[in-house]
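Content type mmCIF, C-alpha atoms, from the file entry-v5.cif:
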```cif
data_protein
loop_
_atom_site.label_atom_id
_atom_site.label_comp_id
_atom_site.auth_asym_id
_atom_site.auth_seq_id
_atom_site.Cartn_x
_atom_site.Cartn_y
_atom_site.Cartn_z
CA MET A 274 0.00 0.00 0.00
CA GLY A 275 3.04 2.23 -0.16
CA PHE A 276 3.73 2.88 3.52
CA GLU A 277 7.01 2.81 5.38
CA VAL A 278 6.23 0.95 8.60
CA ALA A 279 7.77 0.98 12.08
CA GLU A 280 6.54 -1.19 14.97
CA ALA A 281 6.23 -0.51 18.68
CA ALA A 282 5.62 -3.28 21.23
CA ASP A 283 3.45 -1.24 23.59
CA GLY A 284 1.96 2.19 24.20
CA LEU A 285 4.96 3.61 26.02
CA GLU A 286 7.37 2.58 23.30
CA ALA A 287 4.98 4.01 20.70
CA LEU A 288 4.81 7.32 22.53
CA ALA A 289 8.59 7.52 22.79
CA TRP A 290 8.85 6.77 19.11
CA CYS A 291 6.31 9.48 18.26
CA ARG A 292 8.23 12.04 20.31
CA THR A 293 11.29 11.33 18.16
CA ALA A 294 9.59 11.18 14.77
CA MET A 295 5.87 11.82 14.52
CA PRO A 296 4.38 9.44 11.92
CA GLU A 297 1.67 10.37 9.43
CA ALA A 298 -0.53 7.45 10.42
CA ILE A 299 -0.81 5.05 13.35
CA LEU A 300 -2.47 1.65 13.27
CA LEU A 301 -3.24 1.09 16.92
CA ASP A 302 -4.15 -1.95 18.98
CA TRP A 303 -6.36 -1.50 22.04
CA ASN A 304 -4.97 -4.16 24.33
CA MET A 305 -1.29 -3.48 24.96
CA PRO A 306 0.95 -3.69 28.05
CA GLU A 307 2.04 -0.55 29.91
CA LEU A 308 -0.27 1.89 28.15
CA ASN A 309 -3.36 0.63 26.35
CA GLY A 310 -4.44 1.99 22.99
CA LEU A 311 -6.90 4.54 24.31
CA GLU A 312 -4.46 5.80 26.96
CA PHE A 313 -1.78 6.11 24.29
CA LEU A 314 -4.16 8.02 22.01
CA LEU A 315 -5.21 10.48 24.71
CA GLN A 316 -1.56 11.18 25.52
CA LEU A 317 -0.57 11.39 21.88
CA ARG A 318 -3.18 14.05 21.15
CA ARG A 319 -1.71 16.18 23.96
CA GLU A 320 1.83 15.97 22.55
CA ARG A 321 3.32 18.69 20.36
CA GLY A 322 2.36 17.67 16.81
CA GLY A 323 0.26 14.84 18.25
CA ASP A 324 -2.86 16.07 16.50
CA GLY A 325 -1.19 15.31 13.16
CA PRO A 326 -1.20 11.54 12.75
CA VAL A 327 -4.24 9.78 11.39
CA VAL A 328 -5.04 7.11 13.99
CA VAL A 329 -6.87 3.94 13.06
CA PHE A 330 -7.60 1.41 15.79
CA CYS A 331 -7.19 -2.22 14.80
CA THR A 332 -8.34 -4.49 17.60
CA VAL A 333 -10.43 -7.43 18.75
CA GLU A 334 -12.53 -4.94 20.72
CA ASN A 335 -15.81 -4.74 18.82
CA THR A 336 -18.49 -3.03 20.86
CA PRO A 337 -20.19 0.28 20.04
CA GLU A 338 -18.97 1.55 23.43
CA ARG A 339 -15.32 0.89 22.55
CA ILE A 340 -15.70 2.46 19.11
CA GLY A 341 -17.36 5.50 20.65
CA GLN A 342 -14.56 5.87 23.22
CA ALA A 343 -11.95 5.62 20.48
CA LEU A 344 -13.60 8.26 18.27
CA GLU A 345 -14.18 10.58 21.21
CA GLY A 346 -10.55 10.11 22.20
CA GLY A 347 -9.45 11.35 18.79
CA ALA A 348 -9.23 8.22 16.65
CA ASN A 349 -10.07 8.71 12.99
CA GLU A 350 -11.33 5.19 12.29
CA PHE A 351 -11.78 1.83 13.94
CA ILE A 352 -11.14 -1.62 12.47
CA MET A 353 -12.53 -4.66 14.25
CA LYS A 354 -10.59 -7.92 13.95
CA PRO A 355 -10.82 -10.14 12.03
CA PHE A 356 -10.52 -8.00 8.95
CA ASP A 357 -9.34 -8.42 5.37
CA SER A 358 -7.44 -6.28 2.89
CA GLU A 359 -10.68 -4.84 1.51
CA ILE A 360 -11.65 -3.52 4.93
CA LEU A 361 -8.16 -2.10 5.45
CA HIS A 362 -8.38 -0.42 2.05
CA SER A 363 -11.88 0.90 2.79
CA LYS A 364 -10.92 2.34 6.18
CA PHE A 365 -7.68 3.87 4.92
CA SER A 366 -9.61 5.50 2.06
CA GLU A 367 -12.16 6.78 4.54
CA VAL A 368 -9.48 8.71 6.43
CA GLY A 369 -7.68 9.96 3.33
CA LEU A 370 -4.62 7.71 3.55
CA LEU A 371 -5.26 6.23 0.10
CA MET B 92 -20.57 -28.77 -16.01
CA THR B 93 -20.67 -29.52 -19.72
CA ALA B 94 -20.48 -26.80 -22.37
CA GLN B 95 -24.09 -27.60 -23.22
CA GLU B 96 -25.22 -27.07 -19.62
CA ILE B 97 -23.36 -23.76 -19.41
CA ALA B 98 -24.90 -22.56 -22.67
CA PHE B 99 -28.33 -23.56 -21.38
CA ILE B 100 -27.86 -21.57 -18.15
CA ALA B 101 -26.42 -18.54 -19.98
CA ASP B 102 -29.38 -18.47 -22.35
CA LEU B 103 -31.92 -18.90 -19.55
CA VAL B 104 -30.38 -16.13 -17.43
CA ARG B 105 -30.08 -13.71 -20.37
CA ARG B 106 -33.69 -14.20 -21.44
CA ARG B 107 -35.11 -13.86 -17.93
CA SER B 108 -32.94 -11.10 -16.41
CA GLY B 109 -30.89 -9.59 -19.23
CA VAL B 110 -27.71 -10.58 -17.38
CA VAL B 111 -24.94 -11.83 -19.63
CA VAL B 112 -23.18 -14.83 -18.14
CA ASP B 113 -19.51 -15.20 -19.06
CA VAL B 114 -19.46 -18.80 -20.27
CA GLU B 115 -15.70 -18.96 -19.77
CA LYS B 116 -16.13 -18.63 -16.00
CA THR B 117 -17.19 -22.22 -15.38
CA TYR B 118 -16.01 -22.15 -11.77
CA LEU B 119 -18.06 -19.04 -10.99
CA ILE B 120 -21.18 -20.51 -12.57
CA GLU B 121 -20.78 -23.76 -10.70
CA SER B 122 -20.04 -22.08 -7.37
CA ARG B 123 -23.17 -19.92 -7.68
CA LEU B 124 -25.43 -22.80 -8.70
CA ALA B 125 -24.15 -25.45 -6.28
CA PRO B 126 -25.91 -23.90 -3.24
CA VAL B 127 -29.15 -23.64 -5.24
CA ALA B 128 -28.90 -27.31 -6.20
CA ARG B 129 -28.27 -28.26 -2.56
CA ARG B 130 -31.16 -26.13 -1.29
CA GLU B 131 -33.52 -27.63 -3.83
CA GLY B 132 -32.48 -31.19 -2.99
CA PHE B 133 -30.38 -32.12 -6.02
CA PRO B 134 -27.13 -34.06 -5.67
CA GLY B 135 -25.38 -31.66 -8.05
CA VAL B 136 -25.74 -28.81 -10.52
CA SER B 137 -26.27 -31.15 -13.47
CA GLY B 138 -29.35 -32.67 -11.84
CA LEU B 139 -30.80 -29.22 -11.25
CA ILE B 140 -30.22 -28.16 -14.86
CA ARG B 141 -31.72 -31.39 -16.21
CA GLU B 142 -34.83 -30.87 -14.12
CA ILE B 143 -35.23 -27.27 -15.35
CA ALA B 144 -34.69 -28.30 -18.97
CA GLU B 145 -37.30 -31.03 -18.71
CA ARG B 146 -39.98 -29.44 -16.54
CA ARG B 147 -39.47 -25.66 -16.88
CA ASP B 148 -40.52 -25.23 -13.27
CA GLU B 149 -40.60 -21.51 -12.44
CA LYS B 150 -39.89 -22.31 -8.80
CA LEU B 151 -36.51 -23.70 -9.87
CA ILE B 152 -35.80 -21.23 -12.66
CA TRP B 153 -35.92 -18.07 -10.55
CA PRO B 154 -33.48 -19.18 -7.85
CA VAL B 155 -31.05 -20.04 -10.67
CA VAL B 156 -31.51 -16.68 -12.39
CA GLU B 157 -31.17 -14.82 -9.09
CA ALA B 158 -28.05 -16.74 -8.18
CA MET B 159 -26.34 -15.73 -11.42
CA ALA B 160 -26.91 -11.99 -10.88
CA SER B 161 -24.13 -10.19 -9.03
CA THR B 162 -24.95 -9.23 -5.46
CA GLU B 163 -21.66 -7.47 -4.78
CA THR B 164 -22.33 -4.30 -2.82
CA LEU B 165 -21.09 -2.25 0.09
CA PHE B 166 -22.07 0.79 2.10
CA PHE B 167 -21.35 4.13 0.38
CA ARG B 168 -19.82 2.30 -2.57
CA ASP B 169 -17.54 4.59 -4.64
CA ARG B 170 -18.40 7.55 -2.36
CA THR B 171 -18.59 10.03 -5.34
CA PRO B 172 -22.30 9.46 -6.09
CA PHE B 173 -23.17 10.06 -2.46
CA ASP B 174 -21.14 13.28 -2.45
CA GLN B 175 -23.00 14.32 -5.60
CA LEU B 176 -26.33 13.63 -3.93
CA ARG B 177 -25.35 15.58 -0.83
CA ASN B 178 -23.64 18.53 -2.53
CA ASP B 179 -25.25 18.90 -5.96
CA ILE B 180 -28.64 17.21 -6.00
CA LEU B 181 -30.30 17.52 -2.59
CA PRO B 182 -29.78 21.30 -2.31
CA VAL B 183 -31.51 21.80 -5.68
CA LEU B 184 -34.37 19.40 -5.00
CA ALA B 185 -34.89 20.58 -1.42
CA ARG B 186 -35.37 24.09 -2.83
CA THR B 187 -37.63 23.23 -5.73
CA ARG B 188 -39.82 20.38 -4.48
CA GLN B 189 -43.04 20.88 -2.56
CA ASP B 190 -43.73 17.14 -2.33
CA PRO B 191 -41.33 14.59 -0.84
CA ILE B 192 -38.27 13.91 -3.00
CA ARG B 193 -38.61 10.46 -4.53
CA VAL B 194 -35.42 8.38 -4.69
CA TRP B 195 -35.13 4.89 -6.20
CA SER B 196 -32.24 2.49 -5.63
CA VAL B 197 -32.34 0.01 -8.53
CA GLY B 198 -30.66 -3.38 -8.13
CA CYS B 199 -30.14 -2.78 -4.43
CA ALA B 200 -28.96 -6.35 -3.69
CA THR B 201 -28.65 -6.76 0.09
CA GLY B 202 -29.62 -3.18 0.86
CA GLN B 203 -26.35 -1.39 1.56
CA GLU B 204 -27.02 1.29 -1.09
CA PRO B 205 -30.55 2.31 -0.03
CA TYR B 206 -29.54 2.24 3.62
CA SER B 207 -26.52 4.42 2.82
CA LEU B 208 -28.93 6.82 1.13
CA ALA B 209 -31.24 6.71 4.15
CA MET B 210 -28.39 7.50 6.53
CA LEU B 211 -27.13 10.29 4.29
CA ILE B 212 -30.60 11.83 4.07
CA ASP B 213 -31.01 11.57 7.82
CA GLU B 214 -27.68 13.33 8.31
CA GLU B 215 -28.71 16.08 5.87
CA ARG B 216 -31.94 16.95 7.66
CA SER B 217 -30.12 19.56 9.71
CA ALA B 218 -28.91 21.28 6.52
CA HIS B 219 -32.32 21.29 4.82
CA ALA B 220 -35.16 22.13 7.17
CA GLY B 221 -38.26 20.10 6.44
CA LEU B 222 -36.45 17.75 4.04
CA ARG B 223 -38.83 14.92 3.11
CA VAL B 224 -37.68 11.95 1.06
CA ASP B 225 -39.50 8.82 -0.08
CA LEU B 226 -36.93 6.10 -0.59
CA PHE B 227 -37.67 3.05 -2.76
CA ALA B 228 -35.42 0.05 -3.36
CA SER B 229 -35.79 -2.86 -5.76
CA ASP B 230 -33.96 -5.96 -6.77
CA LEU B 231 -34.54 -9.05 -8.83
CA SER B 232 -33.63 -11.36 -5.98
CA GLU B 233 -36.16 -12.25 -3.31
CA ARG B 234 -33.39 -13.66 -1.11
CA CYS B 235 -31.41 -10.41 -1.29
CA LEU B 236 -34.50 -8.35 -0.47
CA GLU B 237 -35.21 -10.53 2.55
CA LYS B 238 -31.75 -9.89 3.91
CA ALA B 239 -31.97 -6.20 3.07
CA HIS B 240 -35.29 -5.90 4.85
CA SER B 241 -33.89 -7.54 7.98
CA GLY B 242 -31.28 -4.78 8.37
CA LEU B 243 -28.86 -7.36 9.80
CA TYR B 244 -25.24 -7.26 8.70
CA THR B 245 -22.06 -9.09 9.64
CA GLN B 246 -19.01 -7.43 11.13
CA PHE B 247 -17.29 -7.72 7.75
CA GLU B 248 -20.17 -6.05 5.94
CA VAL B 249 -20.42 -3.06 8.30
CA GLN B 250 -16.70 -2.42 7.93
CA ARG B 251 -16.80 -2.11 4.17
CA GLY B 252 -17.51 1.51 3.25
CA LEU B 253 -19.36 2.50 6.40
CA PRO B 254 -17.58 5.09 8.57
CA SER B 255 -17.34 4.00 12.21
CA ARG B 256 -19.08 7.22 13.26
CA LEU B 257 -22.17 6.17 11.31
CA LEU B 258 -21.89 2.56 12.49
CA ILE B 259 -22.27 3.51 16.13
CA LYS B 260 -24.84 6.19 15.38
CA TYR B 261 -27.20 3.97 13.39
CA PHE B 262 -26.46 0.33 14.35
CA ASP B 263 -26.75 -1.77 17.48
CA LYS B 264 -24.70 -4.88 18.10
CA VAL B 265 -26.74 -8.01 18.70
CA ASP B 266 -24.55 -11.04 19.40
CA ASP B 267 -22.24 -11.23 16.38
CA ALA B 268 -24.46 -9.20 14.07
CA TRP B 269 -25.04 -5.50 13.61
CA VAL B 270 -28.64 -4.38 13.25
CA LEU B 271 -29.65 -1.11 11.66
CA SER B 272 -31.94 1.14 13.67
CA PRO B 273 -35.65 0.67 12.93
CA ARG B 274 -35.96 4.40 12.21
CA ILE B 275 -33.57 4.12 9.23
CA ARG B 276 -34.97 0.76 8.09
CA GLN B 277 -38.45 2.21 7.96
CA MET B 278 -37.31 4.92 5.57
CA VAL B 279 -36.97 2.36 2.75
CA ARG B 280 -39.79 0.67 0.84
CA TRP B 281 -38.80 -2.56 -0.90
CA ARG B 282 -40.10 -4.17 -4.05
CA ARG B 283 -39.03 -7.14 -6.15
CA MET B 284 -38.61 -5.91 -9.69
CA ASN B 285 -37.17 -7.19 -12.95
CA LEU B 286 -35.81 -4.44 -15.18
CA MET B 287 -36.65 -6.62 -18.18
CA SER B 288 -40.34 -6.15 -17.47
CA ASP B 289 -42.40 -3.10 -18.40
CA LEU B 290 -41.89 -0.23 -15.94
CA LYS B 291 -45.10 1.52 -16.98
CA GLY B 292 -46.72 3.01 -13.88
CA VAL B 293 -43.42 3.13 -12.00
CA GLY B 294 -42.23 6.58 -10.95
CA PRO B 295 -41.75 9.42 -11.48
CA PHE B 296 -38.56 9.64 -9.47
CA ASP B 297 -36.43 12.67 -8.74
CA VAL B 298 -33.30 10.60 -8.29
CA ILE B 299 -32.49 7.11 -9.53
CA PHE B 300 -29.42 5.24 -8.35
CA CYS B 301 -28.77 2.41 -10.83
CA ARG B 302 -25.12 1.59 -10.36
CA ASN B 303 -23.24 -1.43 -11.61
CA VAL B 304 -26.45 -2.92 -12.93
CA ILE B 305 -26.51 -2.19 -16.67
CA SER B 306 -22.90 -3.32 -17.11
CA ALA B 307 -24.18 -6.89 -16.68
CA PHE B 308 -26.37 -6.51 -19.78
CA GLU B 309 -25.65 -6.65 -23.50
CA ASP B 310 -25.99 -3.37 -25.45
CA VAL B 311 -29.52 -3.91 -26.70
CA THR B 312 -30.79 -4.60 -23.18
CA ARG B 313 -28.72 -1.74 -21.77
CA LYS B 314 -30.36 0.67 -24.20
CA ALA B 315 -33.87 -0.61 -23.41
CA VAL B 316 -33.30 -0.42 -19.65
CA LEU B 317 -31.79 3.07 -19.84
CA GLU B 318 -34.77 4.30 -21.84
CA GLN B 319 -37.17 2.71 -19.37
CA LEU B 320 -35.31 4.41 -16.52
CA ALA B 321 -35.40 7.74 -18.38
CA SER B 322 -39.16 7.35 -18.70
CA THR B 323 -39.52 6.91 -14.94
CA LEU B 324 -37.38 9.97 -14.23
CA ALA B 325 -38.99 13.35 -13.49
CA PRO B 326 -38.19 15.83 -16.31
CA ASP B 327 -35.67 17.58 -14.05
CA GLY B 328 -34.60 14.42 -12.20
CA PHE B 329 -31.16 12.83 -11.93
CA LEU B 330 -29.93 9.36 -12.88
CA ILE B 331 -26.79 8.06 -11.25
CA LEU B 332 -25.00 5.19 -12.97
CA GLY B 333 -21.80 3.34 -12.02
CA LEU B 334 -18.62 5.33 -12.54
CA SER B 335 -17.65 3.11 -15.49
CA GLU B 336 -21.04 2.83 -17.20
CA PRO B 337 -21.21 5.44 -19.98
CA VAL B 338 -24.42 5.77 -21.97
CA LEU B 339 -22.81 7.52 -24.93
CA GLY B 340 -23.91 5.90 -28.17
CA LEU B 341 -26.56 3.81 -26.44
CA THR B 342 -29.43 6.26 -26.07
CA GLU B 343 -30.36 9.86 -26.81
CA ALA B 344 -32.75 9.97 -23.87
CA LEU B 345 -30.06 10.85 -21.34
CA ARG B 346 -27.13 13.20 -21.30
CA PRO B 347 -24.21 13.39 -18.88
CA VAL B 348 -23.87 16.31 -16.48
CA PRO B 349 -20.50 17.90 -17.35
CA GLY B 350 -17.85 17.39 -14.70
CA ARG B 351 -20.04 15.00 -12.71
CA ARG B 352 -18.96 11.45 -13.47
CA GLY B 353 -21.82 8.95 -13.54
CA LEU B 354 -24.50 11.66 -13.26
CA TYR B 355 -27.13 11.96 -16.01
CA VAL B 356 -30.24 14.01 -16.69
CA ARG B 357 -32.99 13.57 -19.25
CA THR B 358 -32.30 15.12 -22.62
CA PRO B 359 -34.77 18.01 -23.07
CA ASN B 360 -37.64 17.03 -25.38
CA SER B 361 -36.28 13.51 -25.72
CA ARG B 362 -38.94 11.07 -26.77
CA VAL B 363 -39.09 8.24 -24.29
CA ALA B 364 -41.94 5.84 -23.87
CA ALA B 365 -43.87 7.18 -20.89
#
```
As structure tokens, the full file:
Amino acid sequence: MGFEVAEAADGLEALAWCRTAMPEAILLDWNMPELNGLEFLLQLRRERGGDGPVVVFCTVENTPERIGQALEGGANEFIMKPFDSEILHSKFSEVGLL
Amino acid sequence: MTAQEIAFIADLVRRRSGVVVDVEKTYLIESRLAPVARREGFPGVSGLIREIAERRDEKLIWPVVEAMASTETLFFRDRTPFDQLRNDILPVLARTRQDPIRVWSVGCATGQEPYSLAMLIDEERSAHAGLRVDLFASDLSERCLEKAHSGLYTQFEVQRGLPSRLLIKYFDKVDDAWVLSPRIRQMVRWRRMNLMSDLKGVGPFDVIFCRNVISAFEDVTRKAVLEQLASTLAPDGFLILGLSEPVLGLTEALRPVPGRRGLYVRTPNSRVAA
């Protein structure tokens, strides 16, 4: 899909990485050690330049409540696992990444 | 399947629905007919075809014809037509219409298109005070219409084209399925309809969505269907076709709106069978 990808093992590592080099887009899991996805997102949006990245959750969480929390927290889209390449394409188009 | 069986199916489907079956795609034909054969109690596709050839039972013919029509669809498919409706069409019609705006989704398959329209219209109510829309949807397939009417979709289906914001606004999760709110479901009226039949008495509509339907037909059928659709369109109505379905050279009854891909209006003074 034409992206250069870096991986972080958990929310803290992701935040540290963002402070060094803010990415254009973040594909974010919900359930992570140290800092979960929502906690990471809330902190990210408070960082300098943290309003820039397009954030798409990608998680086994699949309730309307979780999706609502993610969007309210500043996520741009939400992908529920399992998913396929068509869904990924559709969601990335939705947020202007494709 | 033998070449003779495939030719038989292709001919049957073309005569009944106008849909052209690609006889080279043996696997596709077989994979679509196998579930019909199973449902109807035949050990295989050949048995089903033999029975139809011998007895011409309508109760077997229609499931076969329906199975061969494409049901591929998704919410807000191609996005552009929905932007056109929101930005170009609704503002004009909301200003000029006293009566409810009449919108028809042709070949709606499992309902994602008419429900996308219903959600869009619901969202636009704040921009157009008093906006009233009558939304109609039709398809050849009874099975598709049943699913559409239920408003139940899988997790895969609600993730294809539907923004998450609209998912949580308009759907509830029930076990593993997502169910559309009754308020949106009730906005759509459903009808089984074959575009090969006479559409006299249907319409008039202010907006017709007929996307990725005519591309399944051969030119002569395409022309006939387009002219039927033109005849059901209000004189100042809009027809929206698939983004790769030009009408140029097929009919004089419709002309493209410049700079608006897929959007057509009736040609002034065009003679279409009313």
(message) Show me, as a list in words, every residue of chain B with an atom at most 10 Å from chain A, counting only C-alpha atoms.
(response) Arg168, Arg170, Gln246, Phe247, Glu248, Val249, Gln250, Arg251, Gly252, Leu253, Pro254, Ser255, Arg256, Leu258, Ile259, Lys260, Phe262, Asp263, Lys264, Val265, Asp267 and Trp269 of chain B
(message) Can you translate the PyMOL selection byres ((chain A and resi 305-312) around 9) into the concrete residues it hits in this file, as a VMD selection string?
(response) chain A and resid 282 to 285 301 to 304 313 to 317 330 342 to 343 346 348
(request) Taking the file as shown, find all residues satisfying the PyMOL selection byres ((chain B and resi 176) around 10) and write them as a list of chain:residue names. (result)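 When the PyMOL selection byres ((chain B and resi 176) around 10) is applied, the selected residues are B:Thr171, B:Pro172, B:Phe173, B:Asp174, B:Gln175, B:Arg177, B:Asn178, B:Asp179, B:Ile180, B:Leu181, B:Pro182, B:Val183, B:Leu184, B:Leu208, B:Leu211, B:Ile212, B:Val298, B:Phe300, B:Phe329, B:Ile331, B:Leu354.
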(message) Which residues are near segment 306-313 of chain B? Cut-off 6 Å, all atoms listed in the file, ignore same chain within fewer than 4 positions. Put them as an NGL selection string.
(response) :B and (109-111)
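Note that the spacing between atom CA of Val356 of chain B and atom CA of Leu324 of chain B amounts to 8.6 Å.
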(message) Between atom CA of Ser288 of chain B and atom CA of Ile275 of chain B, what distance in Å does the model show, to one decimal?
(response)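 According to the coordinates, atom CA of Ser288 of chain B and atom CA of Ile275 of chain B are separated by 29.4 Å.
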(message) For the PyMOL selection byres ((chain B and resi 359) around 12), applied here, can you spell out every residue it catches as a PyMOL selection string?
(response) chain B and resi 321+325-328+343-346+356-358+360-363
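The gap separating atom CA of Leu222 of chain B from atom CA of Ala185 of chain B is 6.3 Å, in Å to one decimal.
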(message) Would you pick out the contacts of Val327 of chain A at 9 Å or less, using all atoms listed in the file, so that residues sharing its chain but fewer than 2 positions from it are not included, and give the list as a PyMOL selection string?
(response) chain A and resi 296-300+324-325+329+348-350+368-370
(request) Write out as JSON, numbers by chain the residues lying within 8 Å of segment 118-134 of chain B, counting all atoms listed in the file and excluding same-chain residues fewer than 2 positions away. (result) {"B": [92, 97, 116, 136, 138, 139, 151, 154, 155, 158, 159]}
